[in-house]
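The next block is run09.cif, given as mmCIF, N, CA and C atoms.
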data_model
#
loop_
_atom_site.group_PDB
_atom_site.id
_atom_site.type_symbol
_atom_site.label_atom_id
_atom_site.label_comp_id
_atom_site.auth_asym_id
_atom_site.auth_seq_id
_atom_site.Cartn_x
_atom_site.Cartn_y
_atom_site.Cartn_z
ATOM 1 N N MET A 124 -28.689 -32.073 107.608
ATOM 2 C CA MET A 124 -27.764 -33.125 107.965
ATOM 3 C C MET A 124 -26.876 -32.642 109.101
ATOM 4 N N ASN A 125 -26.600 -33.508 110.027
ATOM 5 C CA ASN A 125 -25.760 -33.206 111.175
ATOM 6 C C ASN A 125 -24.326 -32.932 110.724
ATOM 7 N N ASP A 126 -23.701 -31.891 111.285
ATOM 8 C CA ASP A 126 -22.326 -31.552 110.920
ATOM 9 C C ASP A 126 -21.342 -32.645 111.272
ATOM 10 N N THR A 127 -21.671 -33.510 112.203
ATOM 11 C CA THR A 127 -20.747 -34.565 112.609
ATOM 12 C C THR A 127 -20.959 -35.854 111.814
ATOM 13 N N TYR A 128 -21.916 -35.853 110.900
ATOM 14 C CA TYR A 128 -22.144 -37.041 110.082
ATOM 15 C C TYR A 128 -20.947 -37.284 109.183
ATOM 16 N N ASP A 129 -20.469 -38.500 109.177
ATOM 17 C CA ASP A 129 -19.326 -38.887 108.354
ATOM 18 C C ASP A 129 -19.750 -40.129 107.558
ATOM 19 N N HIS A 130 -19.978 -39.938 106.280
ATOM 20 C CA HIS A 130 -20.484 -41.031 105.443
ATOM 21 C C HIS A 130 -19.553 -42.247 105.465
ATOM 22 N N ALA A 131 -18.259 -42.028 105.353
ATOM 23 C CA ALA A 131 -17.307 -43.144 105.348
ATOM 24 C C ALA A 131 -17.341 -43.894 106.685
ATOM 25 N N ARG A 132 -17.440 -43.148 107.784
ATOM 26 C CA ARG A 132 -17.523 -43.780 109.110
ATOM 27 C C ARG A 132 -18.785 -44.632 109.194
ATOM 28 N N GLU A 133 -19.882 -44.101 108.697
ATOM 29 C CA GLU A 133 -21.138 -44.846 108.741
ATOM 30 C C GLU A 133 -21.081 -46.105 107.869
ATOM 31 N N CYS A 134 -20.398 -46.022 106.742
ATOM 32 C CA CYS A 134 -20.221 -47.212 105.901
ATOM 33 C C CYS A 134 -19.419 -48.273 106.640
ATOM 34 N N TYR A 135 -18.328 -47.846 107.303
ATOM 35 C CA TYR A 135 -17.520 -48.797 108.072
ATOM 36 C C TYR A 135 -18.346 -49.405 109.200
ATOM 37 N N ALA A 136 -19.055 -48.578 109.938
ATOM 38 C CA ALA A 136 -19.861 -49.065 111.056
ATOM 39 C C ALA A 136 -20.934 -50.036 110.581
ATOM 40 N N SER A 137 -21.533 -49.738 109.447
ATOM 41 C CA SER A 137 -22.576 -50.606 108.914
ATOM 42 C C SER A 137 -22.023 -51.972 108.525
ATOM 43 N N LEU A 138 -20.912 -51.986 107.823
ATOM 44 C CA LEU A 138 -20.315 -53.263 107.433
ATOM 45 C C LEU A 138 -19.817 -54.030 108.652
ATOM 46 N N ALA A 139 -19.212 -53.329 109.599
ATOM 47 C CA ALA A 139 -18.742 -53.994 110.816
ATOM 48 C C ALA A 139 -19.911 -54.552 111.605
ATOM 49 N N ASP A 140 -21.022 -53.828 111.624
ATOM 50 C CA ASP A 140 -22.212 -54.308 112.320
ATOM 51 C C ASP A 140 -22.715 -55.601 111.679
ATOM 52 N N GLU A 141 -22.698 -55.660 110.363
ATOM 53 C CA GLU A 141 -23.108 -56.886 109.681
ATOM 54 C C GLU A 141 -22.211 -58.056 110.068
ATOM 55 N N MET A 142 -20.928 -57.788 110.265
ATOM 56 C CA MET A 142 -19.998 -58.852 110.629
ATOM 57 C C MET A 142 -20.205 -59.308 112.070
ATOM 58 N N ASN A 143 -20.906 -58.514 112.879
ATOM 59 C CA ASN A 143 -21.173 -58.899 114.270
ATOM 60 C C ASN A 143 -22.087 -60.103 114.380
ATOM 61 N N ASP A 144 -22.742 -60.476 113.289
ATOM 62 C CA ASP A 144 -23.602 -61.651 113.334
ATOM 63 C C ASP A 144 -22.805 -62.904 113.671
ATOM 64 N N GLY A 145 -21.529 -62.902 113.330
ATOM 65 C CA GLY A 145 -20.649 -63.993 113.701
ATOM 66 C C GLY A 145 -20.710 -65.206 112.792
ATOM 67 N N ASP A 146 -21.714 -65.322 111.983
ATOM 68 C CA ASP A 146 -21.828 -66.498 111.120
ATOM 69 C C ASP A 146 -21.565 -66.154 109.655
ATOM 70 N N MET A 147 -20.947 -65.005 109.428
ATOM 71 C CA MET A 147 -20.698 -64.561 108.059
ATOM 72 C C MET A 147 -19.203 -64.560 107.767
ATOM 73 N N GLU A 148 -18.874 -64.991 106.570
ATOM 74 C CA GLU A 148 -17.505 -64.841 106.098
ATOM 75 C C GLU A 148 -17.465 -63.592 105.230
ATOM 76 N N TRP A 149 -16.354 -62.886 105.266
ATOM 77 C CA TRP A 149 -16.222 -61.672 104.472
ATOM 78 C C TRP A 149 -16.069 -62.030 103.006
ATOM 79 N N ASN A 150 -16.927 -61.476 102.197
ATOM 80 C CA ASN A 150 -16.846 -61.593 100.758
ATOM 81 C C ASN A 150 -17.185 -60.213 100.205
ATOM 82 N N GLU A 151 -16.165 -59.489 99.821
ATOM 83 C CA GLU A 151 -16.339 -58.088 99.430
ATOM 84 C C GLU A 151 -17.372 -57.902 98.324
ATOM 85 N N SER A 152 -17.497 -58.849 97.445
ATOM 86 C CA SER A 152 -18.441 -58.705 96.330
ATOM 87 C C SER A 152 -19.903 -58.818 96.775
ATOM 88 N N ASP A 153 -20.141 -59.216 98.021
ATOM 89 C CA ASP A 153 -21.511 -59.290 98.546
ATOM 90 C C ASP A 153 -22.065 -57.918 98.915
ATOM 91 N N TRP A 154 -21.215 -56.899 98.972
ATOM 92 C CA TRP A 154 -21.615 -55.591 99.482
ATOM 93 C C TRP A 154 -21.584 -54.540 98.383
ATOM 94 N N ASP A 155 -22.268 -53.451 98.628
ATOM 95 C CA ASP A 155 -22.290 -52.311 97.723
ATOM 96 C C ASP A 155 -20.863 -51.798 97.515
ATOM 97 N N THR A 156 -20.449 -51.670 96.266
ATOM 98 C CA THR A 156 -19.064 -51.283 95.980
ATOM 99 C C THR A 156 -18.710 -49.898 96.520
ATOM 100 N N SER A 157 -19.657 -48.979 96.480
ATOM 101 C CA SER A 157 -19.412 -47.636 97.007
ATOM 102 C C SER A 157 -19.217 -47.680 98.529
ATOM 103 N N ALA A 158 -20.063 -48.424 99.221
ATOM 104 C CA ALA A 158 -19.941 -48.534 100.678
ATOM 105 C C ALA A 158 -18.612 -49.179 101.055
ATOM 106 N N VAL A 159 -18.218 -50.199 100.318
ATOM 107 C CA VAL A 159 -16.941 -50.873 100.591
ATOM 108 C C VAL A 159 -15.781 -49.901 100.390
ATOM 109 N N ALA A 160 -15.810 -49.141 99.308
ATOM 110 C CA ALA A 160 -14.726 -48.192 99.033
ATOM 111 C C ALA A 160 -14.620 -47.142 100.133
ATOM 112 N N HIS A 161 -15.757 -46.587 100.551
ATOM 113 C CA HIS A 161 -15.734 -45.584 101.620
ATOM 114 C C HIS A 161 -15.262 -46.197 102.938
ATOM 115 N N ALA A 162 -15.779 -47.369 103.255
ATOM 116 C CA ALA A 162 -15.413 -48.025 104.514
ATOM 117 C C ALA A 162 -13.937 -48.391 104.536
ATOM 118 N N LYS A 163 -13.430 -48.877 103.423
ATOM 119 C CA LYS A 163 -12.016 -49.262 103.345
ATOM 120 C C LYS A 163 -11.121 -48.031 103.533
ATOM 121 N N ALA A 164 -11.474 -46.928 102.888
ATOM 122 C CA ALA A 164 -10.699 -45.695 103.043
ATOM 123 C C ALA A 164 -10.743 -45.211 104.491
ATOM 124 N N TYR A 165 -11.901 -45.315 105.117
ATOM 125 C CA TYR A 165 -12.028 -44.899 106.511
ATOM 126 C C TYR A 165 -11.164 -45.776 107.409
ATOM 127 N N ALA A 166 -11.195 -47.074 107.180
ATOM 128 C CA ALA A 166 -10.387 -47.995 107.981
ATOM 129 C C ALA A 166 -8.905 -47.668 107.848
ATOM 130 N N GLU A 167 -8.460 -47.434 106.630
ATOM 131 C CA GLU A 167 -7.051 -47.108 106.403
ATOM 132 C C GLU A 167 -6.664 -45.793 107.072
ATOM 133 N N ALA A 168 -7.524 -44.801 106.979
ATOM 134 C CA ALA A 168 -7.226 -43.480 107.548
ATOM 135 C C ALA A 168 -7.204 -43.491 109.072
ATOM 136 N N HIS A 169 -7.922 -44.424 109.679
ATOM 137 C CA HIS A 169 -8.047 -44.446 111.141
ATOM 138 C C HIS A 169 -7.403 -45.663 111.790
ATOM 139 N N GLY A 170 -6.639 -46.424 111.029
ATOM 140 C CA GLY A 170 -5.929 -47.575 111.577
ATOM 141 C C GLY A 170 -6.849 -48.682 112.071
ATOM 142 N N LEU A 171 -7.979 -48.857 111.410
ATOM 143 C CA LEU A 171 -8.931 -49.889 111.804
ATOM 144 C C LEU A 171 -8.723 -51.143 110.962
ATOM 145 N N SER A 172 -9.224 -52.247 111.450
ATOM 146 C CA SER A 172 -9.041 -53.509 110.734
ATOM 147 C C SER A 172 -9.819 -53.518 109.422
ATOM 148 N N TRP A 173 -9.237 -54.181 108.451
ATOM 149 C CA TRP A 173 -9.936 -54.397 107.185
ATOM 150 C C TRP A 173 -9.672 -55.795 106.716
ATOM 151 N N PRO A 174 -10.666 -56.557 106.394
ATOM 152 C CA PRO A 174 -12.079 -56.229 106.502
ATOM 153 C C PRO A 174 -12.500 -56.152 107.960
ATOM 154 N N PRO A 175 -13.622 -55.524 108.229
ATOM 155 C CA PRO A 175 -14.076 -55.418 109.616
ATOM 156 C C PRO A 175 -14.332 -56.811 110.181
ATOM 157 N N ARG A 176 -13.973 -56.974 111.436
ATOM 158 C CA ARG A 176 -14.170 -58.261 112.107
ATOM 159 C C ARG A 176 -15.287 -58.142 113.118
ATOM 160 N N MET A 177 -15.727 -59.279 113.583
ATOM 161 C CA MET A 177 -16.750 -59.303 114.620
ATOM 162 C C MET A 177 -16.269 -58.473 115.808
ATOM 163 N N GLY A 178 -17.099 -57.566 116.272
ATOM 164 C CA GLY A 178 -16.767 -56.719 117.412
ATOM 165 C C GLY A 178 -16.244 -55.343 117.033
ATOM 166 N N ASP A 179 -15.819 -55.139 115.793
ATOM 167 C CA ASP A 179 -15.265 -53.845 115.403
ATOM 168 C C ASP A 179 -16.294 -52.723 115.490
ATOM 169 N N PHE A 180 -17.540 -53.004 115.186
ATOM 170 C CA PHE A 180 -18.575 -51.977 115.279
ATOM 171 C C PHE A 180 -18.716 -51.500 116.715
ATOM 172 N N ASP A 181 -18.805 -52.428 117.655
ATOM 173 C CA ASP A 181 -18.952 -52.063 119.062
ATOM 174 C C ASP A 181 -17.752 -51.280 119.557
ATOM 175 N N ARG A 182 -16.563 -51.727 119.209
ATOM 176 C CA ARG A 182 -15.337 -51.050 119.643
ATOM 177 C C ARG A 182 -15.304 -49.629 119.093
ATOM 178 N N ARG A 183 -15.646 -49.460 117.833
ATOM 179 C CA ARG A 183 -15.632 -48.129 117.220
ATOM 180 C C ARG A 183 -16.699 -47.230 117.846
ATOM 181 N N TYR A 184 -17.868 -47.787 118.122
ATOM 182 C CA TYR A 184 -18.931 -47.009 118.766
ATOM 183 C C TYR A 184 -18.467 -46.492 120.125
ATOM 184 N N TYR A 185 -17.874 -47.345 120.923
ATOM 185 C CA TYR A 185 -17.433 -46.933 122.247
ATOM 186 C C TYR A 185 -16.314 -45.891 122.173
ATOM 187 N N GLU A 186 -15.432 -46.030 121.190
ATOM 188 C CA GLU A 186 -14.350 -45.056 121.029
ATOM 189 C C GLU A 186 -14.895 -43.684 120.656
ATOM 190 N N THR A 187 -15.915 -43.642 119.823
ATOM 191 C CA THR A 187 -16.399 -42.352 119.331
ATOM 192 C C THR A 187 -17.438 -41.710 120.234
ATOM 193 N N THR A 188 -18.080 -42.485 121.096
ATOM 194 C CA THR A 188 -19.106 -41.926 121.979
ATOM 195 C C THR A 188 -18.663 -41.867 123.431
ATOM 196 N N ASN A 189 -17.496 -42.437 123.728
ATOM 197 C CA ASN A 189 -16.971 -42.480 125.097
ATOM 198 C C ASN A 189 -17.941 -43.152 126.056
ATOM 199 N N ARG A 190 -18.634 -44.169 125.580
ATOM 200 C CA ARG A 190 -19.571 -44.914 126.428
ATOM 201 C C ARG A 190 -19.064 -46.298 126.673
#
Rewrite the structure of this file - the entire thing - as structure tokens.
Amino acid sequence: MNDTYDHARECYASLADEMNDGDMEWNESDWDTSAVAHAKAYAEAHGLSWPPRMGDFDRRYYETTNR
């Protein structure tokens, strides 16, 4: 496993990516409870929006990869 892998970050990115579809309303019970817990903790620790909104995945990707 890569030393830079962050499970909570990946959970947040995954949920935010799902919200990028634009036609989904957030319903926490639709998602894996473990992924939600990790993603929520990551959002709180890094000052990110919760629940993730459309575009949050892209914004987070650009911030972490400097692209």
Which residues are close to Trp149 of chain A, i.e. within 12 Å by only C-alpha atoms, leaving aside same-chain residues fewer than 3 positions away? Reply as a list in words.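 The residues that qualify are Leu138, Ala139, Glu141, Met142, Asn143, Asp144, Gly145, Asp146, Ser152, Asp153, Trp154, Val159, Trp173, Pro174, Pro175, Arg176 and Met177 of chain A.
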Quick one: everything within 8 Å of Glu133 of chain A, counting only N, CA and C atoms, minus sequence neighbours fewer than 4 positions away in the same chain. Send it as a list in words.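 Contacts, with the query itself left out: Tyr128, Asp129, Ser137, Leu138, Ala139, Ala158, His161 and Ala162 of chain A.
The space between atom CA of Glu148 of chain A and atom CA of Thr187 of chain A spans 26.1 Å.
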Would you mind telling me which residue in A:Thr188, A:Cys134, A:Met147, A:Asp140 lies nearest to Lys163 of chain A when using all atoms listed in the file?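 Using all atoms listed in the file, Lys163 of chain A sits closest to A:Cys134.
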Rounded to one decimal in Å, what is the spacing between atom CA of Ala164 of chain A and atom C of Arg132 of chain A?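 Interatomic distance here is 10.2 Å.
The interatomic distance for the pair atom CA of Thr127 of chain A and atom N of Glu151 of chain A works out to 28.4 Å.
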